[in-house]
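Data from target-v3.txt: compact mmCIF, N, CA and C atoms
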```txt
# COMPACT_ATOMS: atom_id res chain seq x y z
N MET A 1 0.84 -1.17 0.00
CA MET A 1 0.00 0.00 0.00
C MET A 1 0.90 1.25 0.00
N ILE A 2 0.58 2.16 -0.86
CA ILE A 2 1.33 3.40 -0.99
C ILE A 2 0.40 4.54 -0.61
N VAL A 3 0.91 5.41 0.26
CA VAL A 3 0.14 6.58 0.69
C VAL A 3 0.82 7.81 0.10
N GLU A 4 0.04 8.60 -0.57
CA GLU A 4 0.57 9.83 -1.15
C GLU A 4 -0.04 11.02 -0.41
N VAL A 5 0.82 11.89 0.09
CA VAL A 5 0.36 13.09 0.79
C VAL A 5 0.40 14.24 -0.21
N LEU A 6 -0.77 14.82 -0.43
CA LEU A 6 -0.87 15.92 -1.38
C LEU A 6 -0.71 17.26 -0.66
N GLY A 7 -0.03 18.19 -1.29
CA GLY A 7 0.10 19.54 -0.74
C GLY A 7 1.18 19.69 0.31
N LEU A 8 2.03 18.69 0.47
CA LEU A 8 3.08 18.76 1.49
C LEU A 8 4.06 19.91 1.24
N PRO A 9 4.50 20.15 0.00
CA PRO A 9 5.40 21.29 -0.22
C PRO A 9 4.74 22.64 0.12
N GLU A 10 3.45 22.76 -0.20
CA GLU A 10 2.74 24.00 0.11
C GLU A 10 2.60 24.18 1.62
N LEU A 11 2.27 23.09 2.32
CA LEU A 11 2.15 23.15 3.77
C LEU A 11 3.48 23.53 4.40
N ASN A 12 4.55 22.91 3.92
CA ASN A 12 5.88 23.21 4.44
C ASN A 12 6.22 24.69 4.22
N ALA A 13 5.93 25.20 3.03
CA ALA A 13 6.21 26.60 2.73
C ALA A 13 5.42 27.53 3.65
N ARG A 14 4.16 27.18 3.90
CA ARG A 14 3.32 28.00 4.78
C ARG A 14 3.85 27.99 6.21
N LEU A 15 4.25 26.82 6.69
CA LEU A 15 4.79 26.72 8.04
C LEU A 15 6.09 27.51 8.18
N VAL A 16 6.91 27.52 7.16
CA VAL A 16 8.15 28.30 7.18
C VAL A 16 7.82 29.79 7.26
N LYS A 17 6.82 30.25 6.47
CA LYS A 17 6.41 31.65 6.53
C LYS A 17 5.90 32.03 7.91
N ILE A 18 5.13 31.15 8.51
CA ILE A 18 4.60 31.42 9.85
C ILE A 18 5.74 31.49 10.85
N ALA A 19 6.66 30.54 10.78
CA ALA A 19 7.81 30.53 11.70
C ALA A 19 8.66 31.80 11.52
N ASN A 20 8.90 32.18 10.28
CA ASN A 20 9.73 33.36 10.02
C ASN A 20 9.05 34.66 10.45
N GLY A 21 7.74 34.68 10.43
CA GLY A 21 7.02 35.90 10.80
C GLY A 21 6.57 35.96 12.25
N SER A 22 6.81 34.91 13.00
CA SER A 22 6.27 34.84 14.36
C SER A 22 6.86 35.91 15.28
N MET A 23 8.16 36.17 15.21
CA MET A 23 8.75 37.19 16.08
C MET A 23 8.18 38.57 15.75
N GLU A 24 8.03 38.86 14.48
CA GLU A 24 7.46 40.15 14.09
C GLU A 24 6.01 40.27 14.57
N ALA A 25 5.26 39.18 14.48
CA ALA A 25 3.88 39.19 14.95
C ALA A 25 3.82 39.44 16.46
N LEU A 26 4.71 38.81 17.20
CA LEU A 26 4.73 39.01 18.64
C LEU A 26 5.14 40.45 18.99
N LYS A 27 6.05 41.03 18.21
CA LYS A 27 6.41 42.44 18.42
C LYS A 27 5.19 43.33 18.20
N LYS A 28 4.41 43.04 17.16
CA LYS A 28 3.21 43.84 16.89
C LYS A 28 2.21 43.70 18.02
N GLY A 29 2.02 42.49 18.53
CA GLY A 29 1.11 42.29 19.65
C GLY A 29 1.58 43.02 20.89
N THR A 30 2.89 42.96 21.15
CA THR A 30 3.46 43.66 22.30
C THR A 30 3.29 45.16 22.14
N MET A 31 3.51 45.66 20.93
CA MET A 31 3.37 47.09 20.68
C MET A 31 1.94 47.55 20.94
N LYS A 32 0.98 46.74 20.54
CA LYS A 32 -0.42 47.10 20.79
C LYS A 32 -0.66 47.23 22.30
N THR A 33 -0.11 46.31 23.07
CA THR A 33 -0.25 46.37 24.52
C THR A 33 0.44 47.61 25.09
N MET A 34 1.63 47.92 24.58
CA MET A 34 2.36 49.09 25.08
C MET A 34 1.65 50.40 24.72
N LEU A 35 0.97 50.42 23.58
CA LEU A 35 0.17 51.60 23.23
C LEU A 35 -1.01 51.76 24.19
N ARG A 36 -1.53 50.65 24.68
CA ARG A 36 -2.58 50.71 25.71
C ARG A 36 -2.02 51.36 26.98
N VAL A 37 -0.79 50.94 27.35
CA VAL A 37 -0.14 51.53 28.53
C VAL A 37 0.01 53.03 28.33
N GLU A 38 0.51 53.43 27.18
CA GLU A 38 0.72 54.86 26.90
C GLU A 38 -0.59 55.64 27.02
N ARG A 39 -1.64 55.15 26.36
CA ARG A 39 -2.94 55.85 26.38
C ARG A 39 -3.47 56.01 27.80
N THR A 40 -3.47 54.91 28.54
CA THR A 40 -4.03 54.94 29.90
C THR A 40 -3.20 55.82 30.82
N ALA A 41 -1.87 55.70 30.74
CA ALA A 41 -1.00 56.52 31.59
C ALA A 41 -1.22 58.00 31.31
N LYS A 42 -1.38 58.36 30.05
CA LYS A 42 -1.63 59.78 29.70
C LYS A 42 -2.97 60.26 30.24
N GLN A 43 -3.93 59.35 30.36
CA GLN A 43 -5.23 59.72 30.92
C GLN A 43 -5.14 59.88 32.44
N LEU A 44 -4.28 59.09 33.09
CA LEU A 44 -4.21 59.08 34.54
C LEU A 44 -3.21 60.07 35.14
N VAL A 45 -2.20 60.47 34.38
CA VAL A 45 -1.13 61.29 34.94
C VAL A 45 -1.65 62.65 35.38
N PRO A 46 -1.27 63.09 36.61
CA PRO A 46 -1.65 64.45 37.01
C PRO A 46 -0.88 65.45 36.15
N THR A 47 -1.52 66.53 35.78
CA THR A 47 -0.90 67.47 34.85
C THR A 47 -0.89 68.88 35.44
N ARG A 48 0.31 69.44 35.45
CA ARG A 48 0.45 70.86 35.81
C ARG A 48 1.01 71.59 34.59
N THR A 49 2.17 71.14 34.11
CA THR A 49 2.78 71.78 32.94
C THR A 49 2.56 70.98 31.66
N GLY A 50 2.28 69.70 31.80
CA GLY A 50 2.12 68.83 30.64
C GLY A 50 3.41 68.13 30.24
N ASN A 51 4.54 68.48 30.88
CA ASN A 51 5.81 67.86 30.52
C ASN A 51 5.85 66.37 30.81
N LEU A 52 5.34 65.97 31.97
CA LEU A 52 5.34 64.55 32.30
C LEU A 52 4.42 63.78 31.36
N LYS A 53 3.27 64.33 31.08
CA LYS A 53 2.33 63.67 30.15
C LYS A 53 2.97 63.51 28.77
N THR A 54 3.67 64.52 28.32
CA THR A 54 4.33 64.47 27.01
C THR A 54 5.45 63.42 26.99
N SER A 55 6.05 63.16 28.15
CA SER A 55 7.17 62.21 28.20
C SER A 55 6.71 60.76 28.13
N ILE A 56 5.43 60.49 28.32
CA ILE A 56 4.92 59.11 28.28
C ILE A 56 4.89 58.67 26.83
N HIS A 57 5.53 57.53 26.58
CA HIS A 57 5.75 57.13 25.19
C HIS A 57 5.84 55.61 25.06
N ALA A 58 5.34 55.09 23.97
CA ALA A 58 5.51 53.68 23.62
C ALA A 58 6.28 53.64 22.31
N GLY A 59 7.11 52.62 22.16
CA GLY A 59 7.90 52.50 20.94
C GLY A 59 8.41 51.10 20.72
N MET A 60 9.10 50.92 19.61
CA MET A 60 9.64 49.61 19.24
C MET A 60 11.14 49.57 19.45
N LEU A 61 11.62 48.43 19.86
CA LEU A 61 13.04 48.11 19.93
C LEU A 61 13.30 46.95 18.99
N ASP A 62 14.56 46.60 18.79
CA ASP A 62 14.87 45.48 17.90
C ASP A 62 14.22 44.18 18.38
N ASP A 63 14.14 44.00 19.69
CA ASP A 63 13.63 42.74 20.21
C ASP A 63 12.25 42.85 20.86
N GLY A 64 11.53 43.93 20.63
CA GLY A 64 10.19 44.05 21.19
C GLY A 64 9.73 45.49 21.27
N ALA A 65 8.81 45.73 22.19
CA ALA A 65 8.24 47.06 22.36
C ALA A 65 8.39 47.49 23.81
N TYR A 66 8.22 48.78 24.06
CA TYR A 66 8.35 49.31 25.42
C TYR A 66 7.37 50.46 25.61
N ALA A 67 7.14 50.78 26.86
CA ALA A 67 6.43 51.99 27.24
C ALA A 67 7.24 52.62 28.36
N SER A 68 7.34 53.94 28.35
CA SER A 68 8.14 54.62 29.38
C SER A 68 7.50 55.95 29.74
N ALA A 69 7.92 56.45 30.90
CA ALA A 69 7.51 57.78 31.35
C ALA A 69 8.73 58.44 31.95
N GLY A 70 8.89 59.70 31.73
CA GLY A 70 9.98 60.43 32.35
C GLY A 70 11.13 60.73 31.43
N GLY A 71 11.08 60.25 30.21
CA GLY A 71 12.12 60.61 29.25
C GLY A 71 12.99 59.45 28.84
N GLY A 72 14.17 59.82 28.36
CA GLY A 72 15.05 58.83 27.76
C GLY A 72 14.71 58.65 26.31
N GLY A 73 15.54 57.96 25.59
CA GLY A 73 15.29 57.70 24.18
C GLY A 73 15.14 58.96 23.36
N GLY A 74 15.87 60.02 23.72
CA GLY A 74 15.79 61.27 22.97
C GLY A 74 14.68 62.20 23.42
N LEU A 75 13.88 61.73 24.38
CA LEU A 75 12.80 62.57 24.90
C LEU A 75 13.32 63.43 26.03
N LYS A 76 12.61 64.49 26.34
CA LYS A 76 12.98 65.37 27.45
C LYS A 76 12.99 64.55 28.75
N ASP A 77 14.05 64.67 29.53
CA ASP A 77 14.19 63.94 30.77
C ASP A 77 13.38 64.63 31.88
N ILE A 78 12.40 63.93 32.41
CA ILE A 78 11.56 64.45 33.48
C ILE A 78 11.97 63.72 34.76
N LYS A 79 12.87 64.35 35.51
CA LYS A 79 13.46 63.69 36.67
C LYS A 79 12.46 63.44 37.79
N TYR A 80 11.36 64.17 37.83
CA TYR A 80 10.41 64.01 38.92
C TYR A 80 9.37 62.92 38.67
N ALA A 81 9.43 62.25 37.52
CA ALA A 81 8.44 61.21 37.18
C ALA A 81 8.28 60.16 38.29
N PRO A 82 9.36 59.59 38.83
CA PRO A 82 9.16 58.59 39.88
C PRO A 82 8.57 59.17 41.17
N TYR A 83 8.83 60.44 41.44
CA TYR A 83 8.29 61.06 42.65
C TYR A 83 6.78 61.22 42.55
N VAL A 84 6.30 61.50 41.35
CA VAL A 84 4.85 61.59 41.15
C VAL A 84 4.23 60.21 41.31
N GLU A 85 4.83 59.20 40.69
CA GLU A 85 4.31 57.83 40.73
C GLU A 85 4.33 57.24 42.14
N TYR A 86 5.46 57.39 42.84
CA TYR A 86 5.65 56.69 44.12
C TYR A 86 5.58 57.59 45.35
N GLY A 87 5.54 58.90 45.18
CA GLY A 87 5.49 59.81 46.30
C GLY A 87 6.88 60.04 46.90
N THR A 88 6.92 60.93 47.89
CA THR A 88 8.18 61.26 48.56
C THR A 88 7.92 61.39 50.05
N GLY A 89 9.01 61.44 50.81
CA GLY A 89 8.92 61.67 52.23
C GLY A 89 8.08 60.65 52.95
N ILE A 90 7.33 61.11 53.94
CA ILE A 90 6.53 60.19 54.76
C ILE A 90 5.41 59.52 53.96
N TYR A 91 5.10 60.06 52.80
CA TYR A 91 4.03 59.52 51.97
C TYR A 91 4.52 58.51 50.93
N ALA A 92 5.82 58.34 50.81
CA ALA A 92 6.39 57.49 49.76
C ALA A 92 5.86 56.06 49.86
N ALA A 93 5.64 55.46 48.71
CA ALA A 93 5.15 54.08 48.64
C ALA A 93 6.07 53.16 49.42
N LYS A 94 5.49 52.23 50.14
CA LYS A 94 6.21 51.22 50.92
C LYS A 94 7.10 51.82 52.00
N GLY A 95 6.84 53.08 52.37
CA GLY A 95 7.61 53.70 53.43
C GLY A 95 9.06 53.99 53.08
N ASN A 96 9.37 54.06 51.78
CA ASN A 96 10.74 54.21 51.32
C ASN A 96 11.23 55.66 51.28
N GLY A 97 10.46 56.59 51.79
CA GLY A 97 10.86 58.00 51.73
C GLY A 97 11.47 58.48 53.03
N ARG A 98 11.95 59.68 52.98
CA ARG A 98 12.51 60.35 54.16
C ARG A 98 11.41 60.47 55.22
N GLN A 99 11.74 60.14 56.45
CA GLN A 99 10.73 60.12 57.51
C GLN A 99 10.69 61.39 58.34
N THR A 100 11.53 62.36 58.02
CA THR A 100 11.53 63.64 58.74
C THR A 100 11.25 64.77 57.75
N PRO A 101 10.58 65.84 58.21
CA PRO A 101 10.31 66.97 57.31
C PRO A 101 11.61 67.66 56.89
N TRP A 102 11.55 68.41 55.79
CA TRP A 102 12.72 69.14 55.32
C TRP A 102 12.30 70.46 54.70
N THR A 103 13.28 71.33 54.55
CA THR A 103 13.07 72.64 53.95
C THR A 103 13.96 72.75 52.72
N TYR A 104 13.42 73.32 51.66
CA TYR A 104 14.22 73.53 50.45
C TYR A 104 13.93 74.90 49.88
N PHE A 105 14.85 75.38 49.06
CA PHE A 105 14.74 76.68 48.42
C PHE A 105 14.60 76.46 46.92
N ASP A 106 13.57 77.01 46.29
CA ASP A 106 13.33 76.79 44.86
C ASP A 106 13.87 77.92 43.98
N GLY A 107 14.67 78.81 44.55
CA GLY A 107 15.19 79.94 43.80
C GLY A 107 14.48 81.23 44.14
N LYS A 108 13.27 81.11 44.68
CA LYS A 108 12.49 82.29 45.08
C LYS A 108 12.08 82.21 46.55
N ASN A 109 11.63 81.04 46.96
CA ASN A 109 11.06 80.87 48.29
C ASN A 109 11.63 79.64 48.97
N PHE A 110 11.55 79.66 50.32
CA PHE A 110 11.84 78.48 51.11
C PHE A 110 10.53 77.73 51.32
N TRP A 111 10.60 76.40 51.21
CA TRP A 111 9.42 75.56 51.40
C TRP A 111 9.73 74.50 52.45
N HIS A 112 8.77 74.25 53.31
CA HIS A 112 8.89 73.21 54.33
C HIS A 112 7.88 72.12 53.96
N THR A 113 8.32 70.87 53.96
CA THR A 113 7.43 69.80 53.51
C THR A 113 7.69 68.50 54.27
N HIS A 114 6.69 67.66 54.26
CA HIS A 114 6.80 66.28 54.76
C HIS A 114 6.86 65.32 53.58
N GLY A 115 6.67 65.82 52.38
CA GLY A 115 6.71 64.99 51.18
C GLY A 115 5.46 65.17 50.33
N GLN A 116 5.39 64.36 49.31
CA GLN A 116 4.27 64.41 48.36
C GLN A 116 3.61 63.04 48.31
N LYS A 117 2.31 63.01 48.34
CA LYS A 117 1.58 61.74 48.24
C LYS A 117 1.74 61.17 46.84
N PRO A 118 1.80 59.84 46.73
CA PRO A 118 1.91 59.24 45.41
C PRO A 118 0.65 59.48 44.58
N LYS A 119 0.86 59.65 43.29
CA LYS A 119 -0.24 59.80 42.34
C LYS A 119 0.03 58.82 41.20
N PRO A 120 -0.17 57.52 41.47
CA PRO A 120 0.18 56.51 40.47
C PRO A 120 -0.56 56.70 39.15
N TYR A 121 0.17 56.62 38.09
CA TYR A 121 -0.39 56.73 36.74
C TYR A 121 0.17 55.64 35.84
N PHE A 122 1.44 55.29 36.02
CA PHE A 122 2.07 54.33 35.12
C PHE A 122 1.79 52.89 35.55
N THR A 123 1.96 52.60 36.84
CA THR A 123 1.71 51.24 37.32
C THR A 123 0.27 50.81 37.05
N PRO A 124 -0.74 51.64 37.35
CA PRO A 124 -2.10 51.21 37.02
C PRO A 124 -2.31 51.02 35.52
N ALA A 125 -1.64 51.82 34.71
CA ALA A 125 -1.76 51.68 33.25
C ALA A 125 -1.19 50.34 32.80
N VAL A 126 -0.03 49.97 33.36
CA VAL A 126 0.58 48.68 33.02
C VAL A 126 -0.32 47.54 33.48
N GLU A 127 -0.80 47.62 34.71
CA GLU A 127 -1.66 46.56 35.22
C GLU A 127 -2.92 46.38 34.38
N GLN A 128 -3.51 47.47 33.95
CA GLN A 128 -4.71 47.38 33.12
C GLN A 128 -4.38 46.79 31.75
N ALA A 129 -3.31 47.25 31.14
CA ALA A 129 -2.94 46.77 29.80
C ALA A 129 -2.57 45.30 29.80
N MET A 130 -1.96 44.82 30.89
CA MET A 130 -1.56 43.41 30.94
C MET A 130 -2.75 42.47 30.85
N GLY A 131 -3.92 42.95 31.21
CA GLY A 131 -5.13 42.15 31.05
C GLY A 131 -5.48 41.90 29.58
N PHE A 132 -4.88 42.69 28.68
CA PHE A 132 -5.14 42.54 27.24
C PHE A 132 -3.96 41.91 26.51
N ALA A 133 -2.83 41.71 27.19
CA ALA A 133 -1.60 41.29 26.52
C ALA A 133 -1.77 39.98 25.76
N GLU A 134 -2.35 38.97 26.39
CA GLU A 134 -2.51 37.68 25.73
C GLU A 134 -3.39 37.81 24.49
N ALA A 135 -4.48 38.55 24.59
CA ALA A 135 -5.38 38.74 23.44
C ALA A 135 -4.68 39.52 22.33
N ASP A 136 -3.85 40.51 22.70
CA ASP A 136 -3.12 41.28 21.69
C ASP A 136 -2.13 40.39 20.94
N MET A 137 -1.44 39.49 21.66
CA MET A 137 -0.50 38.56 21.02
C MET A 137 -1.25 37.59 20.11
N LYS A 138 -2.35 37.06 20.62
CA LYS A 138 -3.13 36.09 19.84
C LYS A 138 -3.65 36.73 18.57
N GLU A 139 -4.14 37.95 18.66
CA GLU A 139 -4.64 38.65 17.48
C GLU A 139 -3.54 38.82 16.42
N ALA A 140 -2.35 39.20 16.87
CA ALA A 140 -1.24 39.39 15.94
C ALA A 140 -0.82 38.08 15.28
N VAL A 141 -0.78 37.01 16.06
CA VAL A 141 -0.40 35.70 15.50
C VAL A 141 -1.51 35.19 14.57
N ASP A 142 -2.77 35.38 14.95
CA ASP A 142 -3.88 34.96 14.09
C ASP A 142 -3.83 35.68 12.74
N LYS A 143 -3.48 36.99 12.76
CA LYS A 143 -3.38 37.74 11.50
C LYS A 143 -2.24 37.17 10.64
N LEU A 144 -1.14 36.81 11.27
CA LEU A 144 -0.03 36.21 10.54
C LEU A 144 -0.48 34.90 9.89
N ILE A 145 -1.12 34.06 10.64
CA ILE A 145 -1.56 32.76 10.11
C ILE A 145 -2.57 32.94 8.98
N ALA A 146 -3.49 33.90 9.15
CA ALA A 146 -4.50 34.14 8.11
C ALA A 146 -3.89 34.71 6.84
N SER A 147 -2.76 35.41 6.98
CA SER A 147 -2.17 36.03 5.80
C SER A 147 -1.22 35.11 5.03
N THR A 148 -0.99 33.90 5.55
CA THR A 148 -0.07 32.98 4.85
C THR A 148 -0.83 31.94 4.08
```

Represent the structure contained in this file as structure tokens.
Amino acid sequence: MIVEVLGLPELNARLVKIANGSMEALKKGTMKTMLRVERTAKQLVPTRTGNLKTSIHAGMLDDGAYASAGGGGGLKDIKYAPYVEYGTGIYAAKGNGRQTPWTYFDGKNFWHTHGQKPKPYFTPAVEQAMGFAEADMKEAVDKLIAST
């Protein structure tokens, strides 16, 4: 008895295309998730000057995607980004801040403070977006498979 498998070269070619495109598909899925982080963080961030909001960005790297706040990557460096997210002084997240009040001079006035309460914007954005990560990856891979 001889069994002949029809379409094997075509199947092999399709599987090779899927394998070759899988990393790019996963990058696209990751990027979609990171764009969710960017959108949500920009909605949640407290705004006075708009500089911190402008610094929130999602982008692509050679090996995936990222979302960031506070600068880097050629963006304006916003050094106070972690202080907004995690707070300072006695209010700092997990008690990691200075536990005594302090006074500082801003160039015009002296200020006395116990710190700043945290105003999380990035962590909640990441947590919310991660609920979509698996679906974003699946959608990207499904599009790859459908296009081959």

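Our summary of the geometry notes that atom CA of A:Phe110 is positioned 27.4 Å from atom CA of A:Lys53.
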
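Computed from the coordinates, the atom C of A:Gln43 to atom N of A:Tyr83 distance equals 16.6 Å.
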
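Atom CA of A:Met130 is positioned 29.0 Å from atom CA of A:Leu15.
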
Would you mind writing down, as an NGL selection string, each residue of stretch 2-77 of chain A that DSSP on the backbone assigns to helix (DSSP H, G or I)? :A and (8-44 or 51-55)

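Here the question is which of A:Val141, A:Ile56, A:Leu44, A:Leu35 gets nearest to A:Asp77 using only C-alpha atoms, and that residue is A:Ile56.
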
Could you check which residues have any atom within 7 Å of (1.7, 34.9, 8.1), counting all atoms listed in the file with coordinates taken straight from the file, and then list them as a PDB file with N, CA and C atoms, keeping the file's coordinate frame?
```
ATOM      1  N   LYS A  17       6.820  30.250   6.470  1.00  0.00           N
ATOM      2  CA  LYS A  17       6.410  31.650   6.530  1.00  0.00           C
ATOM      3  C   LYS A  17       5.900  32.030   7.910  1.00  0.00           C
ATOM      4  N   ILE A  18       5.130  31.150   8.510  1.00  0.00           N
ATOM      5  CA  ILE A  18       4.600  31.420   9.850  1.00  0.00           C
ATOM      6  C   ILE A  18       5.740  31.490  10.850  1.00  0.00           C
ATOM      7  N   GLY A  21       7.740  34.680  10.430  1.00  0.00           N
ATOM      8  CA  GLY A  21       7.020  35.900  10.800  1.00  0.00           C
ATOM      9  C   GLY A  21       6.570  35.960  12.250  1.00  0.00           C
ATOM     10  N   LYS A 143      -3.480  36.990  12.760  1.00  0.00           N
ATOM     11  CA  LYS A 143      -3.380  37.740  11.500  1.00  0.00           C
ATOM     12  C   LYS A 143      -2.240  37.170  10.640  1.00  0.00           C
ATOM     13  N   LEU A 144      -1.140  36.810  11.270  1.00  0.00           N
ATOM     14  CA  LEU A 144      -0.030  36.210  10.540  1.00  0.00           C
ATOM     15  C   LEU A 144      -0.480  34.900   9.890  1.00  0.00           C
ATOM     16  N   ILE A 145      -1.120  34.060  10.640  1.00  0.00           N
ATOM     17  CA  ILE A 145      -1.560  32.760  10.110  1.00  0.00           C
ATOM     18  C   ILE A 145      -2.570  32.940   8.980  1.00  0.00           C
ATOM     19  N   ALA A 146      -3.490  33.900   9.150  1.00  0.00           N
ATOM     20  CA  ALA A 146      -4.500  34.140   8.110  1.00  0.00           C
ATOM     21  C   ALA A 146      -3.890  34.710   6.840  1.00  0.00           C
ATOM     22  N   SER A 147      -2.760  35.410   6.980  1.00  0.00           N
ATOM     23  CA  SER A 147      -2.170  36.030   5.800  1.00  0.00           C
ATOM     24  C   SER A 147      -1.220  35.110   5.030  1.00  0.00           C
ATOM     25  N   THR A 148      -0.990  33.900   5.550  1.00  0.00           N
ATOM     26  CA  THR A 148      -0.070  32.980   4.850  1.00  0.00           C
ATOM     27  C   THR A 148      -0.830  31.940   4.080  1.00  0.00           C
TER      28      THR A 148
END
```

Within 12 Å of A:Gly131, counting only C-alpha atoms, which residues show up once you throw out same-chain ones fewer than 5 positions away? Write them as a VMD selection string, please. chain A and resid 33 to 34 36 to 37 124 to 126 136 to 137

Of the candidates A:Tyr80, A:Tyr86, A:Tyr121, A:Tyr104, which shows the shortest atom-to-atom distance to A:Arg39, using only C-alpha atoms? A:Tyr121

Could you model all heavy atoms for stretch 124-131 of chain A and present them as a tab-separated table (two decimals), in the frame of the given file?
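The result, stored in part-v7.tsv:
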```
chain	number	residue	atom	x	y	z
A	124	PRO	N	-0.74	51.64	37.35
A	124	PRO	CA	-2.10	51.21	37.02
A	124	PRO	C	-2.31	51.02	35.52
A	124	PRO	O	-3.07	50.15	35.10
A	124	PRO	CB	-2.99	52.34	37.54
A	124	PRO	CG	-2.16	53.12	38.49
A	124	PRO	CD	-0.74	52.91	38.08
A	125	ALA	N	-1.64	51.82	34.71
A	125	ALA	CA	-1.76	51.68	33.25
A	125	ALA	C	-1.19	50.34	32.80
A	125	ALA	O	-1.77	49.65	31.96
A	125	ALA	CB	-1.07	52.84	32.55
A	126	VAL	N	-0.03	49.97	33.36
A	126	VAL	CA	0.58	48.68	33.02
A	126	VAL	C	-0.32	47.54	33.48
A	126	VAL	O	-0.59	46.60	32.72
A	126	VAL	CB	1.99	48.55	33.65
A	126	VAL	CG1	2.52	47.14	33.50
A	126	VAL	CG2	2.95	49.56	33.01
A	127	GLU	N	-0.80	47.62	34.71
A	127	GLU	CA	-1.66	46.56	35.22
A	127	GLU	C	-2.92	46.38	34.38
A	127	GLU	O	-3.33	45.26	34.09
A	127	GLU	CB	-2.03	46.86	36.68
A	127	GLU	CG	-0.85	46.71	37.62
A	127	GLU	CD	-1.12	47.24	39.02
A	127	GLU	OE1	-2.15	47.94	39.23
A	127	GLU	OE2	-0.29	46.97	39.90
A	128	GLN	N	-3.51	47.47	33.95
A	128	GLN	CA	-4.71	47.38	33.12
A	128	GLN	C	-4.38	46.79	31.75
A	128	GLN	O	-5.09	45.91	31.26
A	128	GLN	CB	-5.34	48.76	32.94
A	128	GLN	CG	-6.61	48.75	32.14
A	128	GLN	CD	-7.22	50.13	31.99
A	128	GLN	OE1	-6.97	51.03	32.78
A	128	GLN	NE2	-8.02	50.31	30.97
A	129	ALA	N	-3.31	47.25	31.14
A	129	ALA	CA	-2.94	46.77	29.80
A	129	ALA	C	-2.57	45.30	29.80
A	129	ALA	O	-2.82	44.59	28.83
A	129	ALA	CB	-1.78	47.61	29.25
A	130	MET	N	-1.96	44.82	30.89
A	130	MET	CA	-1.56	43.41	30.94
A	130	MET	C	-2.75	42.47	30.85
A	130	MET	O	-2.62	41.34	30.41
A	130	MET	CB	-0.74	43.12	32.21
A	130	MET	CG	0.65	43.72	32.19
A	130	MET	SD	1.67	43.19	30.79
A	130	MET	CE	1.61	44.61	29.73
A	131	GLY	N	-3.92	42.95	31.21
A	131	GLY	CA	-5.13	42.15	31.05
A	131	GLY	C	-5.48	41.90	29.58
A	131	GLY	O	-6.25	41.00	29.27
```
